[in-house]
Amino acid sequence: MINKTIAAISTARGKGGVALIRISGDDALEIAKRVFKLKSNKIEPRKSYYGEILRDGEIIDDGILTYFQAPASFTGEDVCEICCHGGIYVTQAVLECVLSSGATLAGAGEFTKRAYINGKLTLSRAEAIGQVIDAKTDSQLRLSSSLARGNLSSKIEGIREKIVGCVSHAYATIDYPDEDITEIQIKEISDCLDSVISDLQALKGTYRAGRAVCEGIKTAIIGKPNAGKSSIYNMLLGEDLAIVTDIAGTTRDVIEATASVGGVTLNLADTAGIHESFDTVEKIGVERAKKKIESSELLLCVFDSSRQECDEDEFILECAKEKASIALINKSDTENKLSKEFLQKIDTGCQKTIYISAKTEDGKDELGRTLAEMYSLGQIDLSNDAVLANARQLSATSLALERATEARDALLLGATPDIICFSLESALSELDLIDKRGVSEEIVSAIFSRFCVGK
Ligand SMILES: Nc1nc2c(ncn2[C@@H]2O[C@H](COP(=O)(O)OP(=O)(O)OP(=O)(O)O)[C@@H](O)[C@H]2O)c(=O)[nH]1
Ligand SMILES: [Mg+2]
């Protein structure tokens with residue numbers, strides 16, 4: 001297949017000091033030389049050169065050209081990067097010069113896809129680079145940066161090697177069919193398999209935290225009117241996004257934003273206070289709040305401790321029983337008016353009860369610790385551990401675990417080595433879906449299409 005030389009603006013669209021246009025492919029240097037007027041004709045890799053940028057022989061800008069020679073480049077191909085002034089019009093004009101000099105406009109994620117195809121990156125590292133760019137919270141940045149450095153890939157490689165070790169042990173016994181597989185051999189293979197299984201189980205267990213950080217948890221803040229939902233929402237986001245007043249029924253629309261609490265990414269929704277309303281707009285708000293409760297995974301149930309409980313609080317408690325839920329007993333800076341019986345009901349209805357004050361921010365840290373514990377963040381080091389970050393990786397790990405368990409069960413039941421090898425080779429194929437080339441073109445394209453153009 002002939003690989004076209006591609007080009008795109010790699011910096012963000014918008015006005016800035018400088019912009020970068022990346023060109024990758026066999027003709028990258030030739031094309032760059034057509035656009036970029038250099039003082040010297042000799043260009044050495046990994047060095048930057050000052051020059052002028054030409055359009056039909058006319059100078060339109062000046063900048064810096066850097067050349068990376070294949071295979072020592074991001075994509076593994078010849079790459080030239082032109083740094084020009086970062087105006088929207090000038091950057092586009094420089095890109096157009098590059099395109100009219102022979103390059104084709106790159107598709108979304110095409111540079112990273114080429115890096116993957118050329119063996120410069122594993123698939124999980126490429127995915128993680130996309131997540132570094134998309135990171136909205138510190139935990140997301142730390143985790144995706146760790147995965148981009150290859151911490152998951154090397155863990156997978158380690159497990160892979162162990163499975164290959166088990167397969168070669170088992171095959172060694174096939175080579176001598178006249179001899180029965182000995183107790184010692186069974187013990188060796190079974191020890192090796194136990195270690196593979198426990199590695200895969202541990203890795204699978206990291207997805208709870210990986211998902212909580214990377215994808216986030218759909219969370220709704222619910223409660224009766226004036227309980228302080230919007231105040232808590234603002235406190236968790238660290239900004240005054242939702243309107244707060246002492247008028248019951250202030251919030252009507254569902255308002256959504258991303259917050260990082262205790263390292264857990266909450267896809268957080270503030271909702272209308274739930275109660276019987278005759279106001280048309282408020283009624284719609286309450287309906288939307290109820291829909292949000294249904295579609296959320298986690299409920300932060302706000303109870304107002306400055307007032308006695310009422311039917312609406314009972315309703316909130318009923319919702320809490322259906323899902324993962326944390327009770328936030330708000331306005332803890334005021335005298336508690338909730339009855340002892342109701343507080344007990346809250347304790348049994350919700351997974352955890354936290355006394356909080358949106359006014360003084362008391363209880364905020366405890367909520368962070370609770371979330372970190374609920375989503376197993378304490379058990380991993382985000383910056384260094386191998387962590388599964390998406391459903392695709394989880395599915396491959398789970399299937400590999402199933403096949404490895406099958407192999408061990410077969411071994412213990414006295415199955416012949418070829419049956420054990422068959423299961424283990426299936427385990428390898430499943431594991432290879434995380435990083436190796438077993439991944440179908442369709443999935444690879446879907447992964448890279450989520451990237452921006454220029455990456
Ligand atoms: N003392 C005290 N007052 C609070 C606290 N949290 C909220 N309030 C007050 O309670 C009132 C209602 O707060 P909101 O955050 O608007 O309550 P809400 O639950 O969003 O209300 P609706 O949107 O109407 O359902 C406001 O006057 C807040 O200032 C708190 O922790 N302590
Ligand atoms: Mg509100």
# chains A, B, ... in the order shown; residues from 1 in each chain; ligands from 1
$ residues_around --residues "Ser24 of chain A" --least-positions-apart "6" --cutoff "6 Å" --atoms "only C-alpha atoms" --output "compact mmCIF listing (two decimals) with C-alpha atoms, in the first residue's frame"
# COMPACT_ATOMS: atom_id res chain seq x y z
CA THR A 5 2.28 12.01 2.94
CA ILE A 6 -0.15 13.67 5.31
CA ASP A 78 9.85 10.96 7.95
CA VAL A 79 8.31 13.90 9.79
$ residues_near_ligand --ligand "ligand 1" --cutoff "9 Å" --atoms "only C-alpha atoms and all ligand atoms" --output "PyMOL selection string"
chain A and resi 221-234+242-252+270-274+302-304+306+329-334+356-362
$ residues_around --residues "segment 114-128 of chain A" --least-positions-apart "3" --cutoff "6 Å" --atoms "only C-alpha atoms" --output "list in words"
Thr75, Gly76, Phe111, Gln131, Ser144, Leu147, Ala148, Gly150 and Asp435 of chain A
$ write_last_selection --atoms "N, CA and C atoms" --output "PDB file, in the first residue's frame"
ATOM      1  N   THR A  75       5.660   9.197  14.297  1.00  0.00           N
ATOM      2  CA  THR A  75       4.882   8.263  13.473  1.00  0.00           C
ATOM      3  C   THR A  75       5.715   7.080  12.976  1.00  0.00           C
ATOM      4  N   GLY A  76       7.050   7.204  13.084  1.00  0.00           N
ATOM      5  CA  GLY A  76       7.916   6.165  12.522  1.00  0.00           C
ATOM      6  C   GLY A  76       8.246   6.457  11.071  1.00  0.00           C
ATOM      7  N   PHE A 111      -1.965  10.689  12.596  1.00  0.00           N
ATOM      8  CA  PHE A 111      -0.533  10.607  12.953  1.00  0.00           C
ATOM      9  C   PHE A 111      -0.330   9.500  13.997  1.00  0.00           C
ATOM     10  N   GLN A 131      -6.241  10.327  25.758  1.00  0.00           N
ATOM     11  CA  GLN A 131      -6.803  10.692  27.068  1.00  0.00           C
ATOM     12  C   GLN A 131      -6.007  11.814  27.745  1.00  0.00           C
ATOM     13  N   SER A 144      -3.621   8.864  32.660  1.00  0.00           N
ATOM     14  CA  SER A 144      -3.414   8.704  31.213  1.00  0.00           C
ATOM     15  C   SER A 144      -1.940   8.898  30.862  1.00  0.00           C
ATOM     16  N   LEU A 147      -0.268   5.623  31.539  1.00  0.00           N
ATOM     17  CA  LEU A 147      -0.570   4.604  30.518  1.00  0.00           C
ATOM     18  C   LEU A 147       0.101   4.957  29.192  1.00  0.00           C
ATOM     19  N   ALA A 148       0.224   6.251  28.913  1.00  0.00           N
ATOM     20  CA  ALA A 148       0.897   6.682  27.675  1.00  0.00           C
ATOM     21  C   ALA A 148       2.380   6.317  27.722  1.00  0.00           C
ATOM     22  N   GLY A 150       3.402   3.614  28.921  1.00  0.00           N
ATOM     23  CA  GLY A 150       3.486   2.176  28.661  1.00  0.00           C
ATOM     24  C   GLY A 150       3.338   1.301  29.890  1.00  0.00           C
ATOM     25  N   ASP A 435      -3.194  -4.766  23.092  1.00  0.00           N
ATOM     26  CA  ASP A 435      -2.065  -4.023  22.537  1.00  0.00           C
ATOM     27  C   ASP A 435      -1.558  -4.499  21.183  1.00  0.00           C
TER      28      ASP A 435
END
$ residues_around --residues "Arg22 of chain A" --least-positions-apart "3" --cutoff "7 Å" --atoms "only C-alpha atoms" --output "compact mmCIF listing (two decimals) with N, CA and C atoms, in the first residue's frame"
# COMPACT_ATOMS: atom_id res chain seq x y z
N ALA A 7 -0.57 15.88 6.22
CA ALA A 7 -0.23 17.10 6.96
C ALA A 7 -1.47 17.62 7.66
N ALA A 8 -1.25 18.31 8.77
CA ALA A 8 -2.36 18.95 9.50
C ALA A 8 -1.78 19.95 10.49
N ILE A 9 -2.65 20.84 10.95
CA ILE A 9 -2.26 21.76 12.02
C ILE A 9 -2.37 20.97 13.33
N SER A 10 -1.26 20.89 14.07
CA SER A 10 -1.28 20.07 15.29
C SER A 10 -1.59 20.86 16.55
N CYS A 80 8.27 16.28 9.24
CA CYS A 80 8.74 17.66 9.34
C CYS A 80 7.71 18.46 10.10
N GLU A 81 8.19 19.30 10.99
CA GLU A 81 7.26 20.16 11.74
C GLU A 81 7.62 21.60 11.45
N ILE A 82 6.63 22.33 10.99
CA ILE A 82 6.85 23.75 10.71
C ILE A 82 6.15 24.56 11.80
$ residues_around --residues "Arg211 of chain A" --least-positions-apart "6" --cutoff "8 Å" --atoms "only C-alpha atoms" --output "ChimeraX atom specification"
/A:217,388-390
$ closest_residue --among "A:Glu430, A:Glu441, A:Asp240, A:Asp134" --to "ligand 2" --atoms "only C-alpha atoms and all ligand atoms"
A:Asp240
$ select_by_dssp --residues "segment 189-388 of chain A" --states "helix (DSSP H, G or I)" --output "MDAnalysis selection string"
chainID A and resid 189:205 207:214 229:237 280:295 311:322 340:349 364:374 377:379
$ atom_distance --atom1 "atom CA of Val98 of chain A" --atom2 "atom CA of Ile31 of chain A"
6.6 Å
$ closest_residue --among "A:Asn336, A:Ala257, A:Lys290, A:Gln379" --to "Gln308 of chain A" --atoms "only C-alpha atoms"
A:Asn336
$ decode --residues "segment 390-436 of chain A" --atoms "C-alpha atoms" --output "PDB file, in the first residue's frame"
ATOM      1  CA  ASN A 390     -11.751   1.376  29.135  1.00  0.00           C
ATOM      2  CA  ALA A 391     -14.346  -1.316  28.485  1.00  0.00           C
ATOM      3  CA  ARG A 392     -12.400  -2.751  25.547  1.00  0.00           C
ATOM      4  CA  GLN A 393      -9.391  -3.463  27.751  1.00  0.00           C
ATOM      5  CA  LEU A 394     -11.626  -4.883  30.500  1.00  0.00           C
ATOM      6  CA  SER A 395     -13.362  -7.230  28.083  1.00  0.00           C
ATOM      7  CA  ALA A 396     -10.046  -8.572  26.744  1.00  0.00           C
ATOM      8  CA  THR A 397      -8.679  -9.073  30.272  1.00  0.00           C
ATOM      9  CA  SER A 398     -11.857 -10.830  31.458  1.00  0.00           C
ATOM     10  CA  LEU A 399     -11.860 -13.216  28.504  1.00  0.00           C
ATOM     11  CA  ALA A 400      -8.146 -13.963  28.946  1.00  0.00           C
ATOM     12  CA  LEU A 401      -8.875 -14.698  32.612  1.00  0.00           C
ATOM     13  CA  GLU A 402     -11.715 -17.067  31.663  1.00  0.00           C
ATOM     14  CA  ARG A 403      -9.474 -18.978  29.242  1.00  0.00           C
ATOM     15  CA  ALA A 404      -6.598 -19.194  31.750  1.00  0.00           C
ATOM     16  CA  THR A 405      -8.993 -20.467  34.436  1.00  0.00           C
ATOM     17  CA  GLU A 406     -10.335 -23.026  31.955  1.00  0.00           C
ATOM     18  CA  ALA A 407      -6.758 -24.205  31.321  1.00  0.00           C
ATOM     19  CA  ARG A 408      -6.049 -24.626  35.030  1.00  0.00           C
ATOM     20  CA  ASP A 409      -9.331 -26.483  35.652  1.00  0.00           C
ATOM     21  CA  ALA A 410      -8.572 -28.777  32.704  1.00  0.00           C
ATOM     22  CA  LEU A 411      -5.083 -29.445  34.053  1.00  0.00           C
ATOM     23  CA  LEU A 412      -6.398 -30.350  37.486  1.00  0.00           C
ATOM     24  CA  LEU A 413      -9.011 -32.659  35.943  1.00  0.00           C
ATOM     25  CA  GLY A 414      -6.230 -34.518  34.142  1.00  0.00           C
ATOM     26  CA  ALA A 415      -6.872 -33.207  30.620  1.00  0.00           C
ATOM     27  CA  THR A 416      -4.279 -33.860  27.945  1.00  0.00           C
ATOM     28  CA  PRO A 417      -1.661 -31.121  27.355  1.00  0.00           C
ATOM     29  CA  ASP A 418      -3.083 -30.216  23.935  1.00  0.00           C
ATOM     30  CA  ILE A 419      -6.388 -29.173  25.538  1.00  0.00           C
ATOM     31  CA  ILE A 420      -4.534 -27.016  28.068  1.00  0.00           C
ATOM     32  CA  CYS A 421      -2.448 -25.445  25.277  1.00  0.00           C
ATOM     33  CA  PHE A 422      -5.600 -24.695  23.283  1.00  0.00           C
ATOM     34  CA  SER A 423      -7.125 -22.735  26.188  1.00  0.00           C
ATOM     35  CA  LEU A 424      -3.862 -20.924  26.845  1.00  0.00           C
ATOM     36  CA  GLU A 425      -3.455 -19.922  23.217  1.00  0.00           C
ATOM     37  CA  SER A 426      -7.006 -18.540  23.313  1.00  0.00           C
ATOM     38  CA  ALA A 427      -6.017 -16.599  26.447  1.00  0.00           C
ATOM     39  CA  LEU A 428      -3.077 -15.124  24.512  1.00  0.00           C
ATOM     40  CA  SER A 429      -5.323 -14.109  21.594  1.00  0.00           C
ATOM     41  CA  GLU A 430      -7.722 -12.362  23.973  1.00  0.00           C
ATOM     42  CA  LEU A 431      -4.887 -10.547  25.732  1.00  0.00           C
ATOM     43  CA  ASP A 432      -3.420  -9.511  22.393  1.00  0.00           C
ATOM     44  CA  LEU A 433      -6.567  -7.490  21.749  1.00  0.00           C
ATOM     45  CA  ILE A 434      -5.307  -4.920  24.250  1.00  0.00           C
ATOM     46  CA  ASP A 435      -2.065  -4.023  22.537  1.00  0.00           C
ATOM     47  CA  LYS A 436      -1.107  -6.297  19.690  1.00  0.00           C
TER      48      LYS A 436
END
